[in-house]
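A.B. asks: Input file: data34.cif. Contents: mmCIF, C-alpha atoms; chains and numbers go by the auth columns.
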```
data_query
#
loop_
_atom_site.group_PDB
_atom_site.id
_atom_site.type_symbol
_atom_site.label_atom_id
_atom_site.label_comp_id
_atom_site.label_asym_id
_atom_site.label_seq_id
_atom_site.Cartn_x
_atom_site.Cartn_y
_atom_site.Cartn_z
_atom_site.B_iso_or_equiv
_atom_site.auth_seq_id
_atom_site.auth_asym_id
ATOM 1 C CA VAL A 1 -12.560 -8.983 4.495 0.00 1 A
ATOM 2 C CA SER A 2 -14.932 -7.357 7.004 0.00 2 A
ATOM 3 C CA GLY A 3 -12.328 -7.716 9.748 0.00 3 A
ATOM 4 C CA MET A 4 -9.728 -6.021 7.558 0.00 4 A
ATOM 5 C CA LEU A 5 -11.922 -2.995 6.865 0.00 5 A
ATOM 6 C CA GLY A 6 -13.218 -2.381 10.382 0.00 6 A
ATOM 7 C CA GLY A 7 -16.908 -2.597 9.497 0.00 7 A
ATOM 8 C CA TYR A 8 -16.597 -0.656 6.231 0.00 8 A
ATOM 9 C CA GLU A 9 -16.480 -3.645 3.885 0.00 9 A
ATOM 10 C CA HIS A 10 -19.173 -1.962 1.764 0.00 10 A
ATOM 11 C CA ILE A 11 -16.490 0.431 0.425 0.00 11 A
ATOM 12 C CA THR A 12 -14.426 -2.410 -1.081 0.00 12 A
ATOM 13 C CA HIS A 13 -15.766 -1.978 -4.625 0.00 13 A
ATOM 14 C CA THR A 14 -15.299 1.818 -4.561 0.00 14 A
ATOM 15 C CA ASP A 15 -11.820 1.404 -3.081 0.00 15 A
ATOM 16 C CA LEU A 16 -10.625 -1.176 -5.606 0.00 16 A
ATOM 17 C CA ALA A 17 -12.225 0.562 -8.605 0.00 17 A
ATOM 18 C CA GLY A 18 -10.610 3.864 -7.643 0.00 18 A
ATOM 19 C CA SER A 19 -7.233 2.182 -7.201 0.00 19 A
ATOM 20 C CA ALA A 20 -7.507 0.372 -10.553 0.00 20 A
ATOM 21 C CA GLN A 21 -8.261 3.630 -12.348 0.00 21 A
ATOM 22 C CA PHE A 22 -5.367 5.310 -10.556 0.00 22 A
ATOM 23 C CA LEU A 23 -2.916 2.523 -11.464 0.00 23 A
ATOM 24 C CA ALA A 24 -4.015 2.486 -15.112 0.00 24 A
ATOM 25 C CA THR A 25 -2.927 6.108 -15.504 0.00 25 A
ATOM 26 C CA LEU A 26 0.238 5.637 -13.437 0.00 26 A
ATOM 27 C CA LEU A 27 1.583 2.540 -15.214 0.00 27 A
ATOM 28 C CA PRO A 28 0.092 2.403 -18.720 0.00 28 A
ATOM 29 C CA ASP A 29 3.061 0.433 -20.109 0.00 29 A
ATOM 30 C CA PRO A 30 2.763 -3.356 -19.545 0.00 30 A
ATOM 31 C CA ALA A 31 6.582 -3.537 -19.434 0.00 31 A
ATOM 32 C CA HIS A 32 6.345 -1.865 -16.029 0.00 32 A
ATOM 33 C CA ARG A 33 3.791 -4.328 -14.697 0.00 33 A
ATOM 34 C CA THR A 34 5.867 -7.412 -14.003 0.00 34 A
ATOM 35 C CA LEU A 35 6.151 -7.560 -10.198 0.00 35 A
ATOM 36 C CA ALA A 36 4.324 -5.720 -7.427 0.00 36 A
ATOM 37 C CA ILE A 37 4.455 -6.222 -3.686 0.00 37 A
ATOM 38 C CA ASP A 38 1.378 -5.783 -1.498 0.00 38 A
ATOM 39 C CA CYS A 39 2.693 -4.397 1.794 0.00 39 A
ATOM 40 C CA GLY A 40 0.408 -5.077 4.732 0.00 40 A
ATOM 41 C CA ALA A 41 -1.376 -7.577 2.496 0.00 41 A
ATOM 42 C CA GLY A 42 -3.485 -9.320 5.126 0.00 42 A
ATOM 43 C CA ILE A 43 -5.391 -12.160 3.433 0.00 43 A
ATOM 44 C CA GLY A 44 -4.959 -10.566 0.007 0.00 44 A
ATOM 45 C CA ARG A 45 -7.934 -8.264 -0.584 0.00 45 A
ATOM 46 C CA ILE A 46 -5.822 -5.837 -2.632 0.00 46 A
ATOM 47 C CA THR A 47 -3.700 -8.596 -4.152 0.00 47 A
ATOM 48 C CA LYS A 48 -6.850 -10.296 -5.462 0.00 48 A
ATOM 49 C CA GLY A 49 -9.010 -7.300 -6.316 0.00 49 A
ATOM 50 C CA LEU A 50 -6.345 -5.018 -7.780 0.00 50 A
ATOM 51 C CA LEU A 51 -2.736 -6.081 -8.153 0.00 51 A
ATOM 52 C CA LEU A 52 -3.194 -9.481 -9.816 0.00 52 A
ATOM 53 C CA ASN A 53 -5.432 -7.748 -12.375 0.00 53 A
ATOM 54 C CA CYS A 54 -2.583 -5.398 -13.286 0.00 54 A
ATOM 55 C CA PHE A 55 0.673 -7.323 -12.713 0.00 55 A
ATOM 56 C CA GLU A 56 2.062 -10.655 -13.897 0.00 56 A
ATOM 57 C CA ARG A 57 3.179 -11.571 -10.389 0.00 57 A
ATOM 58 C CA VAL A 58 2.624 -10.251 -6.878 0.00 58 A
ATOM 59 C CA GLU A 59 4.445 -10.806 -3.624 0.00 59 A
ATOM 60 C CA MET A 60 2.584 -10.434 -0.331 0.00 60 A
ATOM 61 C CA LEU A 61 4.058 -8.990 2.849 0.00 61 A
ATOM 62 C CA ASP A 62 2.344 -9.065 6.241 0.00 62 A
ATOM 63 C CA ASN A 63 3.546 -9.480 9.803 0.00 63 A
ATOM 64 C CA CYS A 64 0.761 -11.978 10.605 0.00 64 A
ATOM 65 C CA ARG A 65 1.407 -15.573 9.529 0.00 65 A
ATOM 66 C CA GLU A 66 -2.291 -16.452 9.999 0.00 66 A
ATOM 67 C CA HIS A 67 -3.317 -13.827 7.430 0.00 67 A
ATOM 68 C CA LEU A 68 -0.776 -15.020 4.891 0.00 68 A
ATOM 69 C CA ASN A 69 -1.805 -18.645 5.439 0.00 69 A
ATOM 70 C CA SER A 70 -5.424 -17.662 4.688 0.00 70 A
ATOM 71 C CA ALA A 71 -4.397 -16.055 1.383 0.00 71 A
ATOM 72 C CA ARG A 72 -4.265 -19.365 -0.504 0.00 72 A
ATOM 73 C CA GLU A 73 -7.944 -20.057 0.206 0.00 73 A
ATOM 74 C CA PHE A 74 -9.049 -16.439 -0.262 0.00 74 A
ATOM 75 C CA LEU A 75 -7.301 -16.049 -3.619 0.00 75 A
ATOM 76 C CA GLY A 76 -8.045 -19.524 -4.966 0.00 76 A
ATOM 77 C CA PRO A 77 -5.490 -21.809 -6.624 0.00 77 A
ATOM 78 C CA GLU A 78 -5.259 -20.035 -9.988 0.00 78 A
ATOM 79 C CA LEU A 79 -4.584 -16.564 -8.582 0.00 79 A
ATOM 80 C CA PHE A 80 -2.443 -17.872 -5.730 0.00 80 A
ATOM 81 C CA GLY A 81 -0.249 -19.524 -8.357 0.00 81 A
ATOM 82 C CA ARG A 82 0.804 -16.017 -9.451 0.00 82 A
ATOM 83 C CA VAL A 83 1.850 -15.030 -5.907 0.00 83 A
ATOM 84 C CA SER A 84 5.587 -15.545 -6.169 0.00 84 A
ATOM 85 C CA ALA A 85 6.496 -15.001 -2.496 0.00 85 A
ATOM 86 C CA LEU A 86 4.976 -14.564 0.955 0.00 86 A
ATOM 87 C CA HIS A 87 7.012 -12.436 3.365 0.00 87 A
ATOM 88 C CA CYS A 88 6.022 -12.749 7.023 0.00 88 A
ATOM 89 C CA THR A 89 7.724 -9.719 8.499 0.00 89 A
ATOM 90 C CA GLY A 90 7.022 -6.125 9.485 0.00 90 A
ATOM 91 C CA LEU A 91 7.532 -3.199 7.133 0.00 91 A
ATOM 92 C CA GLN A 92 10.214 -1.870 9.456 0.00 92 A
ATOM 93 C CA ASP A 93 12.265 -5.066 8.962 0.00 93 A
ATOM 94 C CA PHE A 94 11.704 -5.873 5.278 0.00 94 A
ATOM 95 C CA ASP A 95 14.789 -5.244 3.159 0.00 95 A
ATOM 96 C CA PRO A 96 13.939 -5.803 -0.526 0.00 96 A
ATOM 97 C CA ALA A 97 16.513 -6.816 -3.086 0.00 97 A
ATOM 98 C CA PRO A 98 17.709 -3.842 -5.155 0.00 98 A
ATOM 99 C CA ASP A 99 16.021 -3.118 -8.502 0.00 99 A
ATOM 100 C CA ARG A 100 13.354 -5.805 -8.008 0.00 100 A
ATOM 101 C CA TYR A 101 9.861 -4.292 -7.923 0.00 101 A
ATOM 102 C CA ASP A 102 7.767 -2.255 -10.348 0.00 102 A
ATOM 103 C CA LEU A 103 5.436 -1.258 -7.524 0.00 103 A
ATOM 104 C CA PHE A 104 5.297 -1.179 -3.741 0.00 104 A
ATOM 105 C CA TRP A 105 1.635 -0.824 -2.715 0.00 105 A
ATOM 106 C CA LEU A 106 1.069 0.316 0.888 0.00 106 A
ATOM 107 C CA GLN A 107 -2.564 0.816 1.847 0.00 107 A
ATOM 108 C CA TRP A 108 -3.813 1.543 5.357 0.00 108 A
ATOM 109 C CA VAL A 109 -0.586 0.265 6.861 0.00 109 A
ATOM 110 C CA ILE A 110 1.836 3.184 7.382 0.00 110 A
ATOM 111 C CA ILE A 111 -0.198 4.201 10.422 0.00 111 A
ATOM 112 C CA TYR A 112 1.607 1.440 12.331 0.00 112 A
ATOM 113 C CA LEU A 113 5.095 2.846 11.691 0.00 113 A
ATOM 114 C CA SER A 114 6.998 5.375 13.773 0.00 114 A
ATOM 115 C CA ASP A 115 8.408 8.306 11.793 0.00 115 A
ATOM 116 C CA ILE A 116 11.931 6.859 12.060 0.00 116 A
ATOM 117 C CA ASP A 117 10.845 3.408 10.833 0.00 117 A
ATOM 118 C CA PHE A 118 8.753 5.010 8.063 0.00 118 A
ATOM 119 C CA ILE A 119 11.707 7.073 6.781 0.00 119 A
ATOM 120 C CA SER A 120 14.071 4.099 6.927 0.00 120 A
ATOM 121 C CA MET A 121 11.542 1.844 5.155 0.00 121 A
ATOM 122 C CA LEU A 122 11.068 4.353 2.321 0.00 122 A
ATOM 123 C CA GLY A 123 14.822 4.491 1.762 0.00 123 A
ATOM 124 C CA ARG A 124 15.030 0.703 1.452 0.00 124 A
ATOM 125 C CA PHE A 125 11.938 0.504 -0.757 0.00 125 A
ATOM 126 C CA LYS A 126 13.304 3.207 -3.054 0.00 126 A
ATOM 127 C CA ARG A 127 16.415 1.055 -3.630 0.00 127 A
ATOM 128 C CA GLY A 128 14.121 -1.915 -4.332 0.00 128 A
ATOM 129 C CA LEU A 129 12.423 -0.186 -7.282 0.00 129 A
ATOM 130 C CA ARG A 130 13.139 -1.156 -10.857 0.00 130 A
ATOM 131 C CA GLU A 131 13.630 1.697 -13.310 0.00 131 A
ATOM 132 C CA GLY A 132 10.215 3.262 -13.936 0.00 132 A
ATOM 133 C CA GLY A 133 8.799 1.811 -10.706 0.00 133 A
ATOM 134 C CA TYR A 134 6.917 3.555 -7.915 0.00 134 A
ATOM 135 C CA ILE A 135 6.015 3.387 -4.263 0.00 135 A
ATOM 136 C CA VAL A 136 2.288 4.055 -3.835 0.00 136 A
ATOM 137 C CA ILE A 137 0.908 4.942 -0.438 0.00 137 A
ATOM 138 C CA LYS A 138 -2.858 5.060 -0.051 0.00 138 A
ATOM 139 C CA ASP A 139 -3.912 6.062 3.422 0.00 139 A
ATOM 140 C CA ASN A 140 -6.006 8.206 5.692 0.00 140 A
ATOM 141 C CA VAL A 141 -4.895 11.791 6.283 0.00 141 A
ATOM 142 C CA THR A 142 -5.931 14.241 8.980 0.00 142 A
ATOM 143 C CA LYS A 143 -6.722 17.883 8.268 0.00 143 A
ATOM 144 C CA ALA A 144 -3.914 19.003 10.591 0.00 144 A
ATOM 145 C CA GLY A 145 -1.532 17.376 13.024 0.00 145 A
ATOM 146 C CA SER A 146 -1.604 13.712 13.899 0.00 146 A
ATOM 147 C CA LEU A 147 -4.152 11.515 15.610 0.00 147 A
ATOM 148 C CA VAL A 148 -2.964 8.661 17.822 0.00 148 A
ATOM 149 C CA ASP A 149 -5.284 5.721 18.412 0.00 149 A
ATOM 150 C CA HIS A 150 -4.212 4.131 21.691 0.00 150 A
ATOM 151 C CA GLU A 151 -6.377 1.047 21.083 0.00 151 A
ATOM 152 C CA ASP A 152 -4.426 -0.165 18.057 0.00 152 A
ATOM 153 C CA SER A 153 -1.262 1.944 18.530 0.00 153 A
ATOM 154 C CA SER A 154 -1.713 3.679 15.173 0.00 154 A
ATOM 155 C CA ILE A 155 -0.940 7.230 14.123 0.00 155 A
ATOM 156 C CA THR A 156 -2.805 9.012 11.341 0.00 156 A
ATOM 157 C CA ARG A 157 -0.754 11.885 9.942 0.00 157 A
ATOM 158 C CA SER A 158 -1.595 15.057 8.052 0.00 158 A
ATOM 159 C CA ASP A 159 -0.733 15.672 4.412 0.00 159 A
ATOM 160 C CA TYR A 160 1.993 18.084 5.550 0.00 160 A
ATOM 161 C CA GLN A 161 3.523 15.526 7.950 0.00 161 A
ATOM 162 C CA LEU A 162 3.535 12.808 5.300 0.00 162 A
ATOM 163 C CA LYS A 163 5.241 15.085 2.781 0.00 163 A
ATOM 164 C CA GLN A 164 7.895 15.963 5.371 0.00 164 A
ATOM 165 C CA ILE A 165 8.567 12.242 5.893 0.00 165 A
ATOM 166 C CA PHE A 166 8.813 11.655 2.138 0.00 166 A
ATOM 167 C CA ALA A 167 11.339 14.490 1.822 0.00 167 A
ATOM 168 C CA ARG A 168 13.399 13.258 4.787 0.00 168 A
ATOM 169 C CA ALA A 169 13.546 9.805 3.169 0.00 169 A
ATOM 170 C CA GLY A 170 14.894 11.316 -0.057 0.00 170 A
ATOM 171 C CA CYS A 171 11.801 10.359 -2.042 0.00 171 A
ATOM 172 C CA GLN A 172 10.359 12.477 -4.815 0.00 172 A
ATOM 173 C CA LEU A 173 6.582 12.948 -4.742 0.00 173 A
ATOM 174 C CA VAL A 174 5.548 12.591 -8.381 0.00 174 A
ATOM 175 C CA LYS A 175 1.776 12.430 -8.064 0.00 175 A
ATOM 176 C CA GLU A 176 -0.984 12.715 -5.478 0.00 176 A
ATOM 177 C CA SER A 177 -4.727 12.268 -5.620 0.00 177 A
ATOM 178 C CA VAL A 178 -7.771 11.921 -3.385 0.00 178 A
ATOM 179 C CA GLN A 179 -9.912 8.769 -3.303 0.00 179 A
ATOM 180 C CA LYS A 180 -13.428 9.761 -4.327 0.00 180 A
ATOM 181 C CA ASN A 181 -16.837 8.498 -3.176 0.00 181 A
ATOM 182 C CA PHE A 182 -15.930 7.351 0.323 0.00 182 A
ATOM 183 C CA PRO A 183 -18.374 8.008 3.192 0.00 183 A
ATOM 184 C CA ARG A 184 -18.065 11.504 4.649 0.00 184 A
ATOM 185 C CA GLU A 185 -17.571 10.202 8.193 0.00 185 A
ATOM 186 C CA LEU A 186 -14.241 8.646 7.198 0.00 186 A
ATOM 187 C CA PHE A 187 -10.899 10.412 7.017 0.00 187 A
ATOM 188 C CA LYS A 188 -9.893 11.793 3.643 0.00 188 A
ATOM 189 C CA VAL A 189 -7.936 9.046 1.825 0.00 189 A
ATOM 190 C CA LYS A 190 -5.078 10.089 -0.456 0.00 190 A
ATOM 191 C CA TYR A 191 -2.769 8.403 -2.916 0.00 191 A
ATOM 192 C CA TYR A 192 0.878 9.428 -2.889 0.00 192 A
ATOM 193 C CA VAL A 193 3.249 8.240 -5.631 0.00 193 A
ATOM 194 C CA LEU A 194 6.946 8.279 -4.771 0.00 194 A
ATOM 195 C CA LYS A 195 10.184 7.421 -6.482 0.00 195 A
#
```
For the structure just supplied, provide its representation as C-alpha cells.
C.D. replies:
Amino acid sequence: VSGMLGGYEHITHTDLAGSAQFLATLLPDPAHRTLAIDCGAGIGRITKGLLLNCFERVEMLDNCREHLNSAREFLGPELFGRVSALHCTGLQDFDPAPDRYDLFWLQWVIIYLSDIDFISMLGRFKRGLREGGYIVIKDNVTKAGSLVDHEDSSITRSDYQLKQIFARAGCQLVKESVQKNFPRELFKVKYYVLK
C-alpha cells in the first residue's frame, strides 16, 4: 500500500472512512449496491477497504498485471471470492457492457489520461451505468490551471477544467464534496459524482 500512496500511507484510514461516509449518503438503497468497478485498482486498497464493504461484487481494472495478480493475496480468499472480474487494460481502452455497473470508482487515476481520452472514457462509462448508478471521481485538484508532472507523465487539473471535461463528455455533475482531514501540504482532494 505504501507504494500506491507515494509515502502517504498514513492517510489510508482517513481516506477510506471519508469515502465510506460519502458513499453511504450517495447510495443508501442496497438495490443500487450490486456491482461496482474499481478503476485504477492497483492491488485492491479501495476494493478491500471500501467497495467490498458496500457492494455485493466488485470488478477490478488496472493496466498493470502484476498489481492485479497481487490482489488475491492482498484481499484474502474470502474477499477475493467476491471479485467477479479482473480487467488488465487502461482506462482509455476499457469499454464496459451497457447498463452493467452501479458504480464506477476512479480515485487518483484520471491524472494519467489526456483530455480526449478522459472525455471518451466518460462517455463509455456513462453508457455502462445501470439506472440509478454513478461515476465517482475522487482526485487531486489544483487551485487554477493544470500541473504537469514530467516524472510520471501525470496532469493534475483544476476544478474548472474538470467540470469542463465533464460537460464535454455529456455527463451531469450531481454532487461534489471535499475530502476532509488530509495533510495541508497535499492538493485539495474532491469527490465528483456524475451520471
A.B. asks: Spell out the residues picked by the PyMOL selection byres ((chain A and resi 108-112) around 12) here, as a PyMOL selection string.
C.D. replies: chain A and resi 4-6+15+38-42+46+61-63+90-92+105-107+113-119+121-122+136-142+146-158+162+165+187+189-191
A.B. asks: Determine, for each residue of region 67-151 of chain A having at least one atom at most 10 Å from an atom of region 24-27 of chain A, the closest pair of atoms and their separation in Å to one decimal, counting all atoms listed in the file; order by chain and ascending number, as a Markdown table.
C.D. replies:
```
| residue | atom | partner | partner_atom | distance |
| --- | --- | --- | --- | --- |
| A:Asp102 | CA | A:Leu27 | CA | 9.2 |
| A:Leu103 | CA | A:Leu27 | CA | 9.4 |
| A:Gly132 | CA | A:Leu27 | CA | 8.8 |
| A:Gly133 | CA | A:Leu27 | CA | 8.5 |
| A:Tyr134 | CA | A:Leu26 | CA | 8.9 |
| A:Val136 | CA | A:Leu26 | CA | 9.9 |
```
A.B. asks: Just the residues within 9 Å of Glu131 (chain A), please, counting all atoms listed in the file, with nothing from its chain fewer than 4 positions along; format it as JSON, numbers by chain.
C.D. replies: {"A": [32, 99, 101, 102]}
A.B. asks: One decimal, in Å: what's the spacing between CA of Ala71 (chain A) and CA of Phe94 (chain A)?
C.D. replies: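 Between CA of Ala71 (chain A) and CA of Phe94 (chain A) the gap works out to 19.4 Å.
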A.B. asks: Near region 47-51 of chain A, counting only C-alpha atoms, which residues have an atom at most 8 Å away, once you skip same-chain residues fewer than 6 positions from it, shown as an MDAnalysis selection string?
C.D. replies: chainID A and resid 16 19:20 36 38 41 58 60 75 79
A.B. asks: Choose the residue, out of A:Leu86, A:Leu52, A:Leu194, A:Ile37, that has the smallest atom-to-atom separation from Arg65 (chain A); count only C-alpha atoms.
C.D. replies: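 The closest residue to Arg65 (chain A) is A:Leu86.
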A.B. asks: Kindly give the distance, in Å, that separates CA of Lys195 (chain A) and CA of Arg130 (chain A), rounded to a single decimal.
C.D. replies: 10.1 Å
A.B. asks: Find, counting only C-alpha atoms, the residue in A:Phe74, A:Phe104, A:Phe166, A:Phe182 that gets nearest to His13 (chain A).
C.D. replies: A:Phe182
A.B. asks: What does the structure give for the distance between CA of Tyr192 (chain A) and CA of Phe22 (chain A), in Å to one decimal?
C.D. replies: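 The value is 10.7 Å.
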A.B. asks: Can you find the residues with an atom no farther than 8 Å from (-0.3, -14.0, -10.6), counting only C-alpha atoms, and report them as an NGL selection string?
C.D. replies: :A and (52 or 55-58 or 78-84)
A.B. asks: Write out, as an mmCIF file, in the coordinates of the input, the residues just selected, with C-alpha atoms.
C.D. replies:
```
data_model
loop_
_atom_site.group_PDB
_atom_site.id
_atom_site.type_symbol
_atom_site.label_atom_id
_atom_site.label_comp_id
_atom_site.auth_asym_id
_atom_site.auth_seq_id
_atom_site.Cartn_x
_atom_site.Cartn_y
_atom_site.Cartn_z
ATOM 1 C CA LEU A 52 -3.194 -9.481 -9.816
ATOM 2 C CA PHE A 55 0.673 -7.323 -12.713
ATOM 3 C CA GLU A 56 2.062 -10.655 -13.897
ATOM 4 C CA ARG A 57 3.179 -11.571 -10.389
ATOM 5 C CA VAL A 58 2.624 -10.251 -6.878
ATOM 6 C CA GLU A 78 -5.259 -20.035 -9.988
ATOM 7 C CA LEU A 79 -4.584 -16.564 -8.582
ATOM 8 C CA PHE A 80 -2.443 -17.872 -5.730
ATOM 9 C CA GLY A 81 -0.249 -19.524 -8.357
ATOM 10 C CA ARG A 82 0.804 -16.017 -9.451
ATOM 11 C CA VAL A 83 1.850 -15.030 -5.907
ATOM 12 C CA SER A 84 5.587 -15.545 -6.169
#
```
A.B. asks: Out of A:Pro28, A:Gly128, A:Pro77, A:Gly123, which residue has the shortest atom-to-atom distance to Pro96 (chain A) when counting all atoms listed in the file?
C.D. replies: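 Smallest separation from Pro96 (chain A) among the options: A:Gly128.
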A.B. asks: Determine the axis-aligned bounding box of all atoms of region 177-191 of chain A present in the file, pad each side by 6 Å, and express its centre and edge lengths in Å to one decimal place as lines of an AutoDock Vina configuration file.
C.D. replies:
```
center_x = -10.6
center_y = 9.8
center_z = 1.3
size_x = 27.6
size_y = 16.9
size_z = 25.8
```
A.B. asks: In terms of the shortest atom-to-atom distance over all atoms listed in the file, which of A:Ser70, A:Asn53, A:Gln164, A:Thr34 is closest to Arg100 (chain A)?
C.D. replies: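 Looking at the shortest contact to Arg100 (chain A), the residue is A:Thr34.
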A.B. asks: Could you please fill out region 91-114 of chain A with N, CA and C atoms and send it back as a tab-separated table (two decimals), keeping the file's coordinate frame?
C.D. replies:
```tsv
chain	number	residue	atom	x	y	z
A	91	LEU	N	6.99	-4.17	8.10
A	91	LEU	CA	7.53	-3.20	7.13
A	91	LEU	C	8.87	-2.65	7.60
A	92	GLN	N	9.00	-2.46	8.90
A	92	GLN	CA	10.21	-1.87	9.46
A	92	GLN	C	11.42	-2.80	9.32
A	93	ASP	N	11.17	-4.09	9.06
A	93	ASP	CA	12.26	-5.07	8.96
A	93	ASP	C	12.50	-5.57	7.54
A	94	PHE	N	11.58	-5.32	6.63
A	94	PHE	CA	11.70	-5.87	5.28
A	94	PHE	C	12.76	-5.11	4.49
A	95	ASP	N	13.71	-5.85	3.93
A	95	ASP	CA	14.79	-5.24	3.16
A	95	ASP	C	14.76	-5.85	1.76
A	96	PRO	N	14.08	-5.22	0.82
A	96	PRO	CA	13.94	-5.80	-0.53
A	96	PRO	C	15.26	-5.82	-1.29
A	97	ALA	N	15.36	-6.78	-2.19
A	97	ALA	CA	16.51	-6.82	-3.09
A	97	ALA	C	16.50	-5.56	-3.96
A	98	PRO	N	17.67	-5.04	-4.29
A	98	PRO	CA	17.71	-3.84	-5.16
A	98	PRO	C	17.13	-4.12	-6.54
A	99	ASP	N	16.51	-3.09	-7.11
A	99	ASP	CA	16.02	-3.12	-8.50
A	99	ASP	C	15.10	-4.30	-8.78
A	100	ARG	N	14.19	-4.61	-7.87
A	100	ARG	CA	13.35	-5.80	-8.01
A	100	ARG	C	11.91	-5.51	-8.41
A	101	TYR	N	11.31	-4.48	-7.82
A	101	TYR	CA	9.86	-4.29	-7.92
A	101	TYR	C	9.48	-3.14	-8.85
A	102	ASP	N	8.37	-3.35	-9.57
A	102	ASP	CA	7.77	-2.26	-10.35
A	102	ASP	C	6.88	-1.39	-9.46
A	103	LEU	N	6.36	-1.99	-8.39
A	103	LEU	CA	5.44	-1.26	-7.52
A	103	LEU	C	5.47	-1.80	-6.11
A	104	PHE	N	5.58	-0.90	-5.15
A	104	PHE	CA	5.30	-1.18	-3.74
A	104	PHE	C	3.94	-0.55	-3.47
A	105	TRP	N	2.97	-1.34	-3.03
A	105	TRP	CA	1.64	-0.82	-2.72
A	105	TRP	C	1.45	-0.91	-1.21
A	106	LEU	N	1.26	0.24	-0.56
A	106	LEU	CA	1.07	0.32	0.89
A	106	LEU	C	-0.26	1.01	1.16
A	107	GLN	N	-1.24	0.25	1.59
A	107	GLN	CA	-2.56	0.82	1.85
A	107	GLN	C	-3.00	0.54	3.28
A	108	TRP	N	-3.33	1.61	3.97
A	108	TRP	CA	-3.81	1.54	5.36
A	108	TRP	C	-2.88	0.73	6.24
A	109	VAL	N	-1.57	1.01	6.07
A	109	VAL	CA	-0.59	0.26	6.86
A	109	VAL	C	0.51	1.16	7.46
A	110	ILE	N	0.77	2.32	6.86
A	110	ILE	CA	1.84	3.18	7.38
A	110	ILE	C	1.50	3.76	8.75
A	111	ILE	N	0.24	3.69	9.11
A	111	ILE	CA	-0.20	4.20	10.42
A	111	ILE	C	0.42	3.42	11.57
A	112	TYR	N	0.99	2.26	11.29
A	112	TYR	CA	1.61	1.44	12.33
A	112	TYR	C	3.12	1.62	12.41
A	113	LEU	N	3.66	2.58	11.68
A	113	LEU	CA	5.10	2.85	11.69
A	113	LEU	C	5.41	4.14	12.43
A	114	SER	N	6.49	4.13	13.21
A	114	SER	CA	7.00	5.38	13.77
A	114	SER	C	7.59	6.19	12.63
```
